[in-house]
>>> print(open('coords.cif').read())   # mmCIF, C-alpha atoms (C1' of nucleotides)
data_query
#
loop_
_atom_site.label_atom_id
_atom_site.label_comp_id
_atom_site.auth_asym_id
_atom_site.auth_seq_id
_atom_site.Cartn_x
_atom_site.Cartn_y
_atom_site.Cartn_z
CA MET N 189 -8.55 -22.14 3.48
CA PHE N 190 -7.57 -18.91 1.79
CA GLN N 191 -9.62 -15.83 1.17
CA ILE N 192 -8.66 -13.29 -1.47
CA ASP N 193 -9.69 -9.66 -1.66
CA ARG N 194 -9.29 -8.50 -5.22
CA PHE N 195 -10.18 -4.87 -4.53
CA GLY N 196 -7.95 -3.72 -1.69
CA ARG N 197 -4.49 -2.44 -2.41
CA THR N 198 -2.59 -5.37 -0.94
CA PRO N 199 -1.46 -7.64 -3.78
CA ILE N 200 -2.74 -11.18 -3.97
CA TYR N 201 0.64 -12.81 -3.48
CA GLU N 202 1.08 -10.85 -0.27
CA GLN N 203 -2.34 -11.83 0.99
CA ILE N 204 -1.33 -15.45 0.51
CA ILE N 205 1.87 -14.87 2.45
CA ASP N 206 0.08 -13.11 5.30
CA GLN N 207 -2.65 -15.69 5.59
CA THR N 208 -0.23 -18.58 5.50
CA GLN N 209 1.78 -17.00 8.29
CA ARG N 210 -1.36 -16.56 10.36
CA LEU N 211 -2.35 -20.15 9.80
CA ILE N 212 1.05 -21.16 11.08
CA ALA N 213 1.02 -18.73 13.97
CA SER N 214 -2.37 -19.95 15.08
CA GLY N 215 -1.28 -23.57 14.89
CA ILE N 216 -3.70 -24.55 12.15
CA LEU N 217 -0.78 -25.35 9.88
CA LYS N 218 1.81 -27.49 11.62
CA GLU N 219 5.18 -28.96 10.79
CA GLY N 220 4.97 -31.42 7.93
CA ASP N 221 1.57 -30.24 6.72
CA GLN N 222 1.31 -29.94 2.97
CA LEU N 223 0.42 -26.63 1.41
CA PRO N 224 -2.05 -26.58 -1.47
CA SER N 225 -0.30 -27.07 -4.80
CA VAL N 226 0.09 -24.03 -6.98
CA ARG N 227 -2.15 -25.51 -9.63
CA ALA N 228 -4.90 -26.67 -7.28
CA LEU N 229 -4.96 -23.38 -5.40
CA SER N 230 -4.83 -21.46 -8.65
CA GLN N 231 -8.07 -23.13 -9.68
CA GLU N 232 -9.73 -22.78 -6.32
CA LEU N 233 -9.03 -19.07 -6.12
CA SER N 234 -9.08 -18.32 -9.86
CA VAL N 235 -5.62 -16.90 -9.55
CA ASN N 236 -2.68 -17.31 -11.88
CA PRO N 237 -0.26 -20.07 -10.84
CA ASN N 238 2.64 -17.65 -11.20
CA THR N 239 1.13 -15.40 -8.56
CA LEU N 240 0.98 -18.26 -6.10
CA GLN N 241 4.45 -19.41 -7.05
CA LYS N 242 5.66 -15.95 -6.13
CA ALA N 243 4.01 -16.15 -2.73
CA TYR N 244 5.31 -19.64 -2.02
CA SER N 245 8.83 -18.71 -3.07
CA GLU N 246 8.81 -15.92 -0.55
CA LEU N 247 7.51 -18.19 2.20
CA GLU N 248 10.31 -20.57 1.34
CA ARG N 249 12.86 -17.80 1.41
CA ARG N 250 11.71 -17.04 4.95
CA GLY N 251 12.14 -20.66 5.91
CA LEU N 252 8.47 -21.34 6.58
CA CYS N 253 8.20 -24.15 4.08
CA VAL N 254 10.31 -26.32 1.82
CA SER N 255 9.54 -27.70 -1.60
CA ALA N 256 9.96 -31.32 -2.51
CA PRO N 257 9.88 -31.16 -6.30
CA GLY N 258 7.56 -33.72 -7.73
CA ASN N 259 6.05 -34.25 -4.34
CA GLY N 260 4.69 -31.09 -2.78
CA ARG N 261 5.48 -28.25 -0.42
CA PHE N 262 5.55 -28.68 3.32
CA VAL N 263 5.66 -26.61 6.48
CA THR N 264 9.06 -26.71 8.16
CA ALA N 265 9.79 -27.48 11.78
CA GLU N 266 11.07 -23.95 12.41
CA ALA N 267 8.04 -22.26 10.86
CA PHE N 268 6.22 -21.66 14.12
CA ARG N 269 9.29 -20.23 15.79
CA ILE N 270 10.06 -17.96 12.83
CA VAL N 271 6.62 -16.41 12.58
CA GLY N 272 6.77 -15.91 16.32
CA GLU N 273 9.80 -13.69 15.89
CA GLY N 274 7.71 -11.29 13.82
CA THR N 275 5.44 -10.47 16.73
CA LYS N 276 7.82 -7.81 18.00
CA GLU N 277 7.19 -5.72 14.93
CA ARG N 278 3.46 -6.25 15.28
CA LEU N 279 3.62 -5.04 18.85
CA GLU N 280 5.43 -1.93 17.66
CA GLU N 281 2.65 -1.31 15.16
CA LEU N 282 0.12 -1.61 17.92
CA LYS N 283 2.11 0.78 20.05
CA LYS N 284 2.23 3.33 17.28
CA ILE N 285 -1.51 3.26 16.87
CA ALA N 286 -1.91 3.58 20.62
CA GLU N 287 0.25 6.70 20.54
CA GLU N 288 -1.96 8.22 17.90
CA LEU N 289 -5.09 7.40 19.85
CA CYS N 290 -3.48 8.99 22.86
CA MET N 291 -2.79 12.18 20.89
CA ALA N 292 -6.32 12.15 19.59
CA GLY N 293 -7.58 12.21 23.15
CA MET N 294 -8.93 8.69 23.53
CA PRO N 295 -8.84 7.52 27.14
CA MET N 296 -6.35 4.74 27.82
CA GLU N 297 -9.03 2.76 29.57
CA GLN N 298 -10.86 2.37 26.29
CA VAL N 299 -7.79 0.99 24.55
CA PHE N 300 -7.29 -1.46 27.39
CA HIS N 301 -10.84 -2.58 26.94
CA ALA N 302 -10.28 -3.25 23.26
CA VAL N 303 -7.22 -5.36 23.99
CA ASN N 304 -9.03 -7.25 26.68
CA ASP N 305 -11.81 -7.86 24.20
CA ALA N 306 -9.37 -9.23 21.65
CA TYR N 307 -7.93 -11.63 24.16
CA GLY N 308 -11.29 -12.74 25.44
CA LYS N 309 -12.41 -13.49 21.94
CA GLU N 310 -10.28 -16.61 21.70
CA ILE N 311 -12.91 -18.57 23.57
CA GLU N 312 -15.60 -18.20 20.94
CA SER N 313 -13.32 -18.86 17.97
CA MET B 213 6.77 19.72 8.80
CA PHE B 214 6.26 16.79 6.45
CA GLN B 215 8.35 13.71 6.01
CA ILE B 216 8.13 11.60 2.87
CA ASP B 217 9.14 7.98 2.48
CA ARG B 218 9.77 7.31 -1.17
CA PHE B 219 10.40 3.59 -0.75
CA GLY B 220 7.43 2.20 1.12
CA ARG B 221 4.32 1.24 -0.78
CA THR B 222 2.09 3.98 0.56
CA PRO B 223 1.82 6.65 -2.13
CA ILE B 224 3.14 10.13 -1.45
CA TYR B 225 -0.23 11.82 -1.70
CA GLU B 226 -1.57 9.49 0.94
CA GLN B 227 1.36 10.15 3.23
CA ILE B 228 0.58 13.84 3.00
CA ILE B 229 -3.05 13.18 3.86
CA ASP B 230 -2.15 11.01 6.84
CA GLN B 231 0.43 13.36 8.23
CA THR B 232 -1.83 16.36 7.88
CA GLN B 233 -4.55 14.54 9.75
CA ARG B 234 -2.13 13.68 12.51
CA LEU B 235 -0.97 17.26 12.76
CA ILE B 236 -4.60 18.28 13.17
CA ALA B 237 -5.39 15.48 15.60
CA SER B 238 -2.44 16.38 17.77
CA GLY B 239 -3.39 20.04 17.79
CA ILE B 240 -0.29 21.25 15.99
CA LEU B 241 -2.43 22.47 13.13
CA LYS B 242 -5.39 24.51 14.37
CA GLU B 243 -8.35 26.25 12.84
CA GLY B 244 -7.28 29.04 10.55
CA ASP B 245 -3.72 27.85 10.17
CA GLN B 246 -2.42 28.02 6.65
CA LEU B 247 -1.16 24.89 4.95
CA PRO B 248 2.03 25.06 2.89
CA SER B 249 1.31 26.08 -0.68
CA VAL B 250 1.48 23.39 -3.31
CA ARG B 251 4.42 25.08 -4.98
CA ALA B 252 6.40 25.76 -1.82
CA LEU B 253 5.88 22.26 -0.48
CA SER B 254 6.62 20.80 -3.88
CA GLN B 255 10.06 22.40 -3.73
CA GLU B 256 10.71 21.53 -0.11
CA LEU B 257 9.91 17.87 -0.66
CA SER B 258 11.00 17.61 -4.29
CA VAL B 259 7.56 16.35 -5.15
CA ASN B 260 5.42 17.21 -8.13
CA PRO B 261 2.83 19.93 -7.42
CA ASN B 262 0.14 17.73 -8.92
CA THR B 263 0.79 15.09 -6.31
CA LEU B 264 0.26 17.61 -3.52
CA GLN B 265 -2.76 19.04 -5.25
CA LYS B 266 -4.23 15.56 -5.18
CA ALA B 267 -3.61 15.24 -1.46
CA TYR B 268 -5.00 18.68 -0.66
CA SER B 269 -8.09 18.08 -2.78
CA GLU B 270 -8.84 14.98 -0.76
CA LEU B 271 -8.34 16.83 2.53
CA GLU B 272 -10.73 19.44 1.26
CA ARG B 273 -13.25 16.82 0.24
CA ARG B 274 -13.14 15.55 3.81
CA GLY B 275 -13.78 19.04 5.10
CA LEU B 276 -10.44 19.43 6.84
CA CYS B 277 -9.41 22.54 4.95
CA VAL B 278 -10.75 25.10 2.51
CA SER B 279 -9.03 26.86 -0.33
CA ALA B 280 -9.07 30.60 -0.78
CA PRO B 281 -7.92 30.95 -4.39
CA GLY B 282 -5.23 33.55 -4.69
CA ASN B 283 -4.75 33.53 -0.96
CA GLY B 284 -3.96 30.11 0.43
CA ARG B 285 -5.46 27.05 2.02
CA PHE B 286 -6.60 26.97 5.61
CA VAL B 287 -7.64 24.50 8.27
CA THR B 288 -11.36 24.55 8.94
CA ALA B 289 -13.09 24.88 12.30
CA GLU B 290 -14.54 21.38 12.02
CA ALA B 291 -11.23 19.75 11.17
CA PHE B 292 -10.39 18.63 14.68
CA ARG B 293 -13.82 17.14 15.22
CA ILE B 294 -13.76 15.33 11.88
CA VAL B 295 -10.39 13.65 12.38
CA GLY B 296 -11.58 12.64 15.82
CA GLU B 297 -14.37 10.62 14.26
CA GLY B 298 -11.81 8.41 12.56
CA THR B 299 -10.44 7.09 15.84
CA LYS B 300 -13.03 4.31 15.98
CA GLU B 301 -11.52 2.69 12.91
CA ARG B 302 -8.05 3.07 14.37
CA LEU B 303 -9.18 1.33 17.52
CA GLU B 304 -10.52 -1.51 15.42
CA GLU B 305 -7.14 -1.81 13.73
CA LEU B 306 -5.47 -2.01 17.10
CA LYS B 307 -7.92 -4.64 18.20
CA LYS B 308 -7.22 -6.74 15.15
CA ILE B 309 -3.51 -6.69 15.82
CA ALA B 310 -4.15 -7.58 19.44
CA GLU B 311 -6.13 -10.60 18.30
CA GLU B 312 -3.24 -11.77 16.19
CA LEU B 313 -0.79 -11.30 19.03
CA CYS B 314 -3.13 -13.32 21.19
CA MET B 315 -3.17 -16.14 18.66
CA ALA B 316 0.60 -15.99 18.44
CA GLY B 317 0.78 -16.61 22.15
CA MET B 318 1.91 -13.23 23.41
CA PRO B 319 0.78 -12.61 26.98
CA MET B 320 -1.86 -9.90 27.34
CA GLU B 321 0.20 -8.28 30.04
CA GLN B 322 2.85 -7.43 27.49
CA VAL B 323 0.35 -5.74 25.20
CA PHE B 324 -0.96 -3.74 28.12
CA HIS B 325 2.55 -2.65 28.86
CA ALA B 326 3.01 -1.40 25.31
CA VAL B 327 -0.18 0.61 25.46
CA ASN B 328 0.80 2.06 28.79
CA ASP B 329 4.14 2.97 27.32
CA ALA B 330 2.47 4.75 24.42
CA TYR B 331 0.36 6.80 26.76
CA GLY B 332 3.23 7.63 29.06
CA LYS B 333 5.29 8.77 26.13
CA GLU B 334 3.29 11.96 25.69
CA ILE B 335 5.33 13.64 28.40
CA GLU B 336 8.64 13.48 26.58
CA SER B 337 7.28 14.53 23.20
"C1'" DC P 25 4.29 -44.52 -18.36
"C1'" DA P 26 0.89 -41.18 -16.36
"C1'" DA P 27 -0.44 -37.82 -13.30
"C1'" DG P 28 0.65 -34.81 -10.14
"C1'" DT P 29 4.11 -31.99 -8.18
"C1'" DG P 30 7.64 -27.82 -8.38
"C1'" DT P 31 10.40 -24.62 -11.46
"C1'" DA P 32 11.82 -21.41 -15.01
"C1'" DC P 33 11.22 -18.35 -18.52
"C1'" DT P 34 9.27 -14.80 -21.78
"C1'" DA P 35 5.75 -11.77 -23.10
"C1'" DT P 36 1.95 -8.92 -22.32
"C1'" DA P 37 -1.87 -6.41 -20.34
"C1'" DA P 38 -3.57 -3.31 -16.90
"C1'" DC P 39 -3.46 -0.11 -13.34
"C1'" DG P 40 -1.81 3.40 -10.22
"C1'" DG P 41 1.45 6.76 -9.01
"C1'" DA P 42 4.25 10.34 -10.18
"C1'" DT P 43 6.11 13.56 -13.28
"C1'" DA P 44 6.36 17.36 -16.88
"C1'" DG P 45 4.52 21.14 -18.86
"C1'" DT P 46 1.25 24.51 -19.77
"C1'" DA P 47 -2.41 27.64 -19.06
"C1'" DC P 48 -5.68 30.24 -16.56
"C1'" DA P 49 -7.97 32.69 -12.51
"C1'" DC P 50 -7.69 35.02 -8.22
"C1'" DC P 51 -5.89 38.03 -4.41
"C1'" DG P 52 -2.80 41.31 -2.17
"C1'" DA P 53 0.96 44.41 -2.00
"C1'" DT P 54 3.69 47.69 -4.29
"C1'" DA G 94 -1.75 48.41 -13.17
"C1'" DT G 95 1.74 45.20 -12.45
"C1'" DC G 96 4.01 41.59 -10.09
"C1'" DG G 97 4.34 37.73 -7.25
"C1'" DG G 98 2.16 34.75 -4.72
"C1'" DT G 99 -1.79 31.71 -4.42
"C1'" DG G 100 -5.22 27.78 -6.23
"C1'" DT G 101 -7.06 25.17 -10.39
"C1'" DA G 102 -7.43 22.47 -14.60
"C1'" DC G 103 -5.87 19.88 -18.16
"C1'" DT G 104 -3.14 16.71 -21.22
"C1'" DA G 105 0.56 13.72 -22.02
"C1'" DT G 106 3.93 10.65 -20.63
"C1'" DC G 107 6.89 7.56 -17.97
"C1'" DC G 108 7.58 3.92 -14.85
"C1'" DG G 109 7.06 0.22 -11.59
"C1'" DT G 110 4.18 -3.30 -9.78
"C1'" DT G 111 0.83 -6.64 -10.23
"C1'" DA G 112 -1.31 -10.09 -12.58
"C1'" DT G 113 -2.04 -12.85 -16.45
"C1'" DA G 114 -1.04 -16.13 -20.40
"C1'" DG G 115 1.49 -19.60 -22.30
"C1'" DT G 116 5.09 -22.81 -22.67
"C1'" DA G 117 8.55 -25.96 -21.35
"C1'" DC G 118 11.13 -28.89 -18.35
"C1'" DA G 119 12.46 -31.77 -14.18
"C1'" DC G 120 11.12 -34.58 -10.51
"C1'" DT G 121 8.48 -38.16 -7.68
"C1'" DT G 122 5.05 -41.34 -6.82
"C1'" DG G 123 1.88 -44.98 -8.04
#
>>> encode(input="coords.cif", output="structure tokens")
Amino acid sequence: MFQIDRFGRTPIYEQIIDQTQRLIASGILKEGDQLPSVRALSQELSVNPNTLQKAYSELERRGLCVSAPGNGRFVTAEAFRIVGEGTKERLEELKKIAEELCMAGMPMEQVFHAVNDAYGKEIES
Amino acid sequence: MFQIDRFGRTPIYEQIIDQTQRLIASGILKEGDQLPSVRALSQELSVNPNTLQKAYSELERRGLCVSAPGNGRFVTAEAFRIVGEGTKERLEELKKIAEELCMAGMPMEQVFHAVNDAYGKEIES
DNA sequence: CAAGTGTACTATAACGGATAGTACACCGAT
DNA sequence: ATCGGTGTACTATCCGTTATAGTACACTTG
């Protein structure tokens, strides 16, 4: 369910956060679903439990999940809405890259094609 | 000419590299132009000379500039072409973000609009 | 009670980034 | 020739972040 890159510069706990958000955004993780326990996931990924605890705490702080001590940790009802609010920033990122490509002389048509490609890809996944 | 963000996670030396590449890509820095000296820039930005040396060394390794010891450091003739080659990766980045936005349910039309915006923006800058 | 869950805390190792300081070599102008 | 600017090389050190190790405790469910 999770995939860790131990070489890149993005810390593990942040990779967990990002991937969880994507799983929620894409509807794979829904309201009420249980997240893997820190201990179980720590074994599966060979990662220290504290590192996962850090990631989960942050997800909780953002309101994406709640902990039921002694029971588990579950996706909240608002999770989908909350991650959706972050798309504005992502769009700004995309815009910034587009500006750079513009400056670098890439034709707009080519960028359009890439976007179209990305949206067409949903069929095969 | 350079703008440093001391809070983000991207290291200073990498910010220098990125910004220099953008200045070249956008044609502001042309062949033969002299880059700020390590000492001058170190004062202007309140950054250690070694940090800038690190950035400049990398730019040199990539063939974007050459050093003339005792004289200065200058943009090469191939610089513009070389930074242009990196646009493929940038386009891939953009595509990846577009895929995420797709998954998050953002209409493609809106992404198109952002790209269009980015390309129209060149007039005002 | 036992096993699984979350939580809290301290300590430590490891790495990268940035700094400080020094020294040397080169070029150009005066 | 000297001086002031340039690039270069090196060592040492500090600091913050990341990740780990280890322990202990509280809670819930079966």
>>> residues_around(input="coords.cif", residues="stretch 290-295 of chain B", least_positions_apart="5", cutoff="10 Å", atoms="only C-alpha atoms (C1' of nucleotides)", output="mmCIF file with C-alpha atoms, in the coordinates of the input")
data_model
loop_
_atom_site.group_PDB
_atom_site.id
_atom_site.type_symbol
_atom_site.label_atom_id
_atom_site.label_comp_id
_atom_site.auth_asym_id
_atom_site.auth_seq_id
_atom_site.Cartn_x
_atom_site.Cartn_y
_atom_site.Cartn_z
ATOM 1 C CA ALA N 292 -6.320 12.150 19.590
ATOM 2 C CA GLN B 233 -4.550 14.540 9.750
ATOM 3 C CA ARG B 234 -2.130 13.680 12.510
ATOM 4 C CA LEU B 235 -0.970 17.260 12.760
ATOM 5 C CA ILE B 236 -4.600 18.280 13.170
ATOM 6 C CA ALA B 237 -5.390 15.480 15.600
ATOM 7 C CA SER B 238 -2.440 16.380 17.770
ATOM 8 C CA GLY B 239 -3.390 20.040 17.790
ATOM 9 C CA LEU B 241 -2.430 22.470 13.130
ATOM 10 C CA LYS B 242 -5.390 24.510 14.370
ATOM 11 C CA GLU B 243 -8.350 26.250 12.840
ATOM 12 C CA LEU B 271 -8.340 16.830 2.530
ATOM 13 C CA GLU B 272 -10.730 19.440 1.260
ATOM 14 C CA ARG B 274 -13.140 15.550 3.810
ATOM 15 C CA GLY B 275 -13.780 19.040 5.100
ATOM 16 C CA LEU B 276 -10.440 19.430 6.840
ATOM 17 C CA CYS B 277 -9.410 22.540 4.950
#
>>> closest_atom_pairs(input="coords.cif", of="chain G", to="chain B", cutoff="9 Å", atoms="only C-alpha atoms (C1' of nucleotides)", output="Markdown table")
| residue | atom | partner | partner_atom | distance |
| --- | --- | --- | --- | --- |
| G:DG98 | C1' | B:Gly282 | CA | 7.5 |
| G:DT99 | C1' | B:Gly282 | CA | 3.9 |
| G:DG100 | C1' | B:Pro281 | CA | 4.6 |
| G:DT101 | C1' | B:Pro281 | CA | 8.4 |
>>> resolve_selection(input="coords.cif", expression="the PyMOL selection byres ((chain N and resi 301) around 12)", output="CSV table (one decimal) with C-alpha atoms, in the coordinates of the input")
chain,number,residue,atom,x,y,z
N,294,MET,CA,-8.9,8.7,23.5
N,295,PRO,CA,-8.8,7.5,27.1
N,296,MET,CA,-6.4,4.7,27.8
N,297,GLU,CA,-9.0,2.8,29.6
N,298,GLN,CA,-10.9,2.4,26.3
N,299,VAL,CA,-7.8,1.0,24.6
N,300,PHE,CA,-7.3,-1.5,27.4
N,302,ALA,CA,-10.3,-3.2,23.3
N,303,VAL,CA,-7.2,-5.4,24.0
N,304,ASN,CA,-9.0,-7.2,26.7
N,305,ASP,CA,-11.8,-7.9,24.2
N,306,ALA,CA,-9.4,-9.2,21.6
N,307,TYR,CA,-7.9,-11.6,24.2
N,308,GLY,CA,-11.3,-12.7,25.4
B,303,LEU,CA,-9.2,1.3,17.5
B,304,GLU,CA,-10.5,-1.5,15.4
B,306,LEU,CA,-5.5,-2.0,17.1
B,307,LYS,CA,-7.9,-4.6,18.2
B,310,ALA,CA,-4.2,-7.6,19.4
B,320,MET,CA,-1.9,-9.9,27.3
B,323,VAL,CA,0.4,-5.7,25.2
B,324,PHE,CA,-1.0,-3.7,28.1
B,327,VAL,CA,-0.2,0.6,25.5
>>> resolve_selection(input="coords.cif", expression="the PyMOL selection byres ((chain N and resi 203) around 9)", output="mmCIF file with C-alpha atoms, in the frame of the given file")
data_model
loop_
_atom_site.group_PDB
_atom_site.id
_atom_site.type_symbol
_atom_site.label_atom_id
_atom_site.label_comp_id
_atom_site.auth_asym_id
_atom_site.auth_seq_id
_atom_site.Cartn_x
_atom_site.Cartn_y
_atom_site.Cartn_z
ATOM 1 C CA PHE N 190 -7.570 -18.910 1.790
ATOM 2 C CA GLN N 191 -9.620 -15.830 1.170
ATOM 3 C CA ILE N 192 -8.660 -13.290 -1.470
ATOM 4 C CA ASP N 193 -9.690 -9.660 -1.660
ATOM 5 C CA THR N 198 -2.590 -5.370 -0.940
ATOM 6 C CA PRO N 199 -1.460 -7.640 -3.780
ATOM 7 C CA ILE N 200 -2.740 -11.180 -3.970
ATOM 8 C CA TYR N 201 0.640 -12.810 -3.480
ATOM 9 C CA GLU N 202 1.080 -10.850 -0.270
ATOM 10 C CA ILE N 204 -1.330 -15.450 0.510
ATOM 11 C CA ILE N 205 1.870 -14.870 2.450
ATOM 12 C CA ASP N 206 0.080 -13.110 5.300
ATOM 13 C CA GLN N 207 -2.650 -15.690 5.590
ATOM 14 C CA THR N 208 -0.230 -18.580 5.500
ATOM 15 C CA ALA N 243 4.010 -16.150 -2.730
#
>>> resolve_selection(input="coords.cif", expression="the PyMOL selection byres ((chain P and resi 44) around 9)", output="list in words")
Asn260 of chain B; DT43 and DG45 of chain P; DA105 and DT106 of chain G
>>> interface_residues(input="coords.cif", of="chain P", to="chain B", cutoff="12 Å", atoms="all atoms listed in the file", output="short mmCIF file (atom, residue, chain, number, x, y, z; two decimals) with C-alpha atoms (C1' of nucleotides), in the frame of the given file")
data_model
loop_
_atom_site.label_atom_id
_atom_site.label_comp_id
_atom_site.auth_asym_id
_atom_site.auth_seq_id
_atom_site.Cartn_x
_atom_site.Cartn_y
_atom_site.Cartn_z
"C1'" DG P 40 -1.81 3.40 -10.22
"C1'" DG P 41 1.45 6.76 -9.01
"C1'" DA P 42 4.25 10.34 -10.18
"C1'" DT P 43 6.11 13.56 -13.28
"C1'" DA P 44 6.36 17.36 -16.88
"C1'" DG P 45 4.52 21.14 -18.86
"C1'" DA P 49 -7.97 32.69 -12.51
"C1'" DC P 50 -7.69 35.02 -8.22
"C1'" DC P 51 -5.89 38.03 -4.41
"C1'" DG P 52 -2.80 41.31 -2.17
#
>>> atom_distance(input="coords.cif", atom1="atom CA of N:Glu246", atom2="atom CA of N:Pro224")
15.2 Å
>>> closest_residue(input="coords.cif", among="B:Ile240, B:Leu253, B:Leu247, B:Leu264", to="chain N", atoms="all atoms listed in the file")
B:Ile240
>>> atom_distance(input="coords.cif", atom1="atom C1' of P:DC25", atom2="atom C1' of G:DT122")
12.0 Å
>>> atom_distance(input="coords.cif", atom1="atom CA of N:Thr264", atom2="atom CA of N:Asp221")
8.4 Å
>>> residues_around(input="coords.cif", residues="G:DT116", least_positions_apart="3", cutoff="12 Å", atoms="only C-alpha atoms (C1' of nucleotides)", output="list in words")
DA32, DC33, DT34 and DA35 of chain P
>>> closest_residue(input="coords.cif", among="B:Glu297, B:Glu256, B:Glu305, B:Glu311", to="chain N", atoms="only C-alpha atoms")
B:Glu311
>>> closest_residue(input="coords.cif", among="N:Gly272, N:Tyr244, N:Gln231, N:Glu277", to="chain B", atoms="all atoms listed in the file")
N:Gly272
>>> closest_residue(input="coords.cif", among="B:Val278, B:Leu313, B:Met213, B:Leu257", to="chain N", atoms="only C-alpha atoms")
B:Leu313
>>> closest_residue(input="coords.cif", among="B:Ser269, B:Thr299, B:Ser254, B:Gln246", to="chain N", atoms="only C-alpha atoms")
B:Thr299
>>> build_atoms(input="coords.cif", residues="stretch 297-310 of chain N", atoms="N, CA, C and O atoms", output="compact mmCIF listing (two decimals), in the coordinates of the input")
# COMPACT_ATOMS: atom_id res chain seq x y z
N GLU N 297 -8.11 3.80 29.10
CA GLU N 297 -9.03 2.76 29.57
C GLU N 297 -9.75 2.09 28.41
O GLU N 297 -9.94 0.88 28.38
N GLN N 298 -10.12 2.89 27.44
CA GLN N 298 -10.86 2.37 26.29
C GLN N 298 -9.99 1.45 25.43
O GLN N 298 -10.45 0.45 24.89
N VAL N 299 -8.72 1.82 25.30
CA VAL N 299 -7.79 0.99 24.55
C VAL N 299 -7.58 -0.34 25.29
O VAL N 299 -7.59 -1.41 24.67
N PHE N 300 -7.42 -0.24 26.58
CA PHE N 300 -7.29 -1.46 27.39
C PHE N 300 -8.47 -2.38 27.16
O PHE N 300 -8.33 -3.59 27.01
N HIS N 301 -9.63 -1.79 27.13
CA HIS N 301 -10.84 -2.58 26.94
C HIS N 301 -10.82 -3.33 25.62
O HIS N 301 -11.20 -4.50 25.53
N ALA N 302 -10.34 -2.63 24.59
CA ALA N 302 -10.28 -3.25 23.26
C ALA N 302 -9.33 -4.45 23.27
O ALA N 302 -9.64 -5.51 22.72
N VAL N 303 -8.20 -4.27 23.92
CA VAL N 303 -7.22 -5.36 23.99
C VAL N 303 -7.80 -6.54 24.76
O VAL N 303 -7.72 -7.70 24.33
N ASN N 304 -8.41 -6.21 25.87
CA ASN N 304 -9.03 -7.25 26.68
C ASN N 304 -10.04 -8.03 25.85
O ASN N 304 -10.10 -9.26 25.90
N ASP N 305 -10.81 -7.28 25.09
CA ASP N 305 -11.81 -7.86 24.20
C ASP N 305 -11.17 -8.84 23.23
O ASP N 305 -11.66 -9.96 23.02
N ALA N 306 -10.06 -8.40 22.64
CA ALA N 306 -9.37 -9.23 21.65
C ALA N 306 -8.90 -10.53 22.29
O ALA N 306 -8.97 -11.59 21.69
N TYR N 307 -8.45 -10.44 23.50
CA TYR N 307 -7.93 -11.63 24.16
C TYR N 307 -9.06 -12.53 24.67
O TYR N 307 -8.90 -13.74 24.76
N GLY N 308 -10.17 -11.93 24.98
CA GLY N 308 -11.29 -12.74 25.44
C GLY N 308 -11.94 -13.49 24.31
O GLY N 308 -12.56 -14.53 24.48
N LYS N 309 -11.73 -12.96 23.10
CA LYS N 309 -12.41 -13.49 21.94
C LYS N 309 -11.97 -14.90 21.59
O LYS N 309 -12.61 -15.61 20.82
N GLU N 310 -10.83 -15.31 22.09
CA GLU N 310 -10.28 -16.61 21.70
C GLU N 310 -11.20 -17.76 22.09
O GLU N 310 -11.17 -18.82 21.50
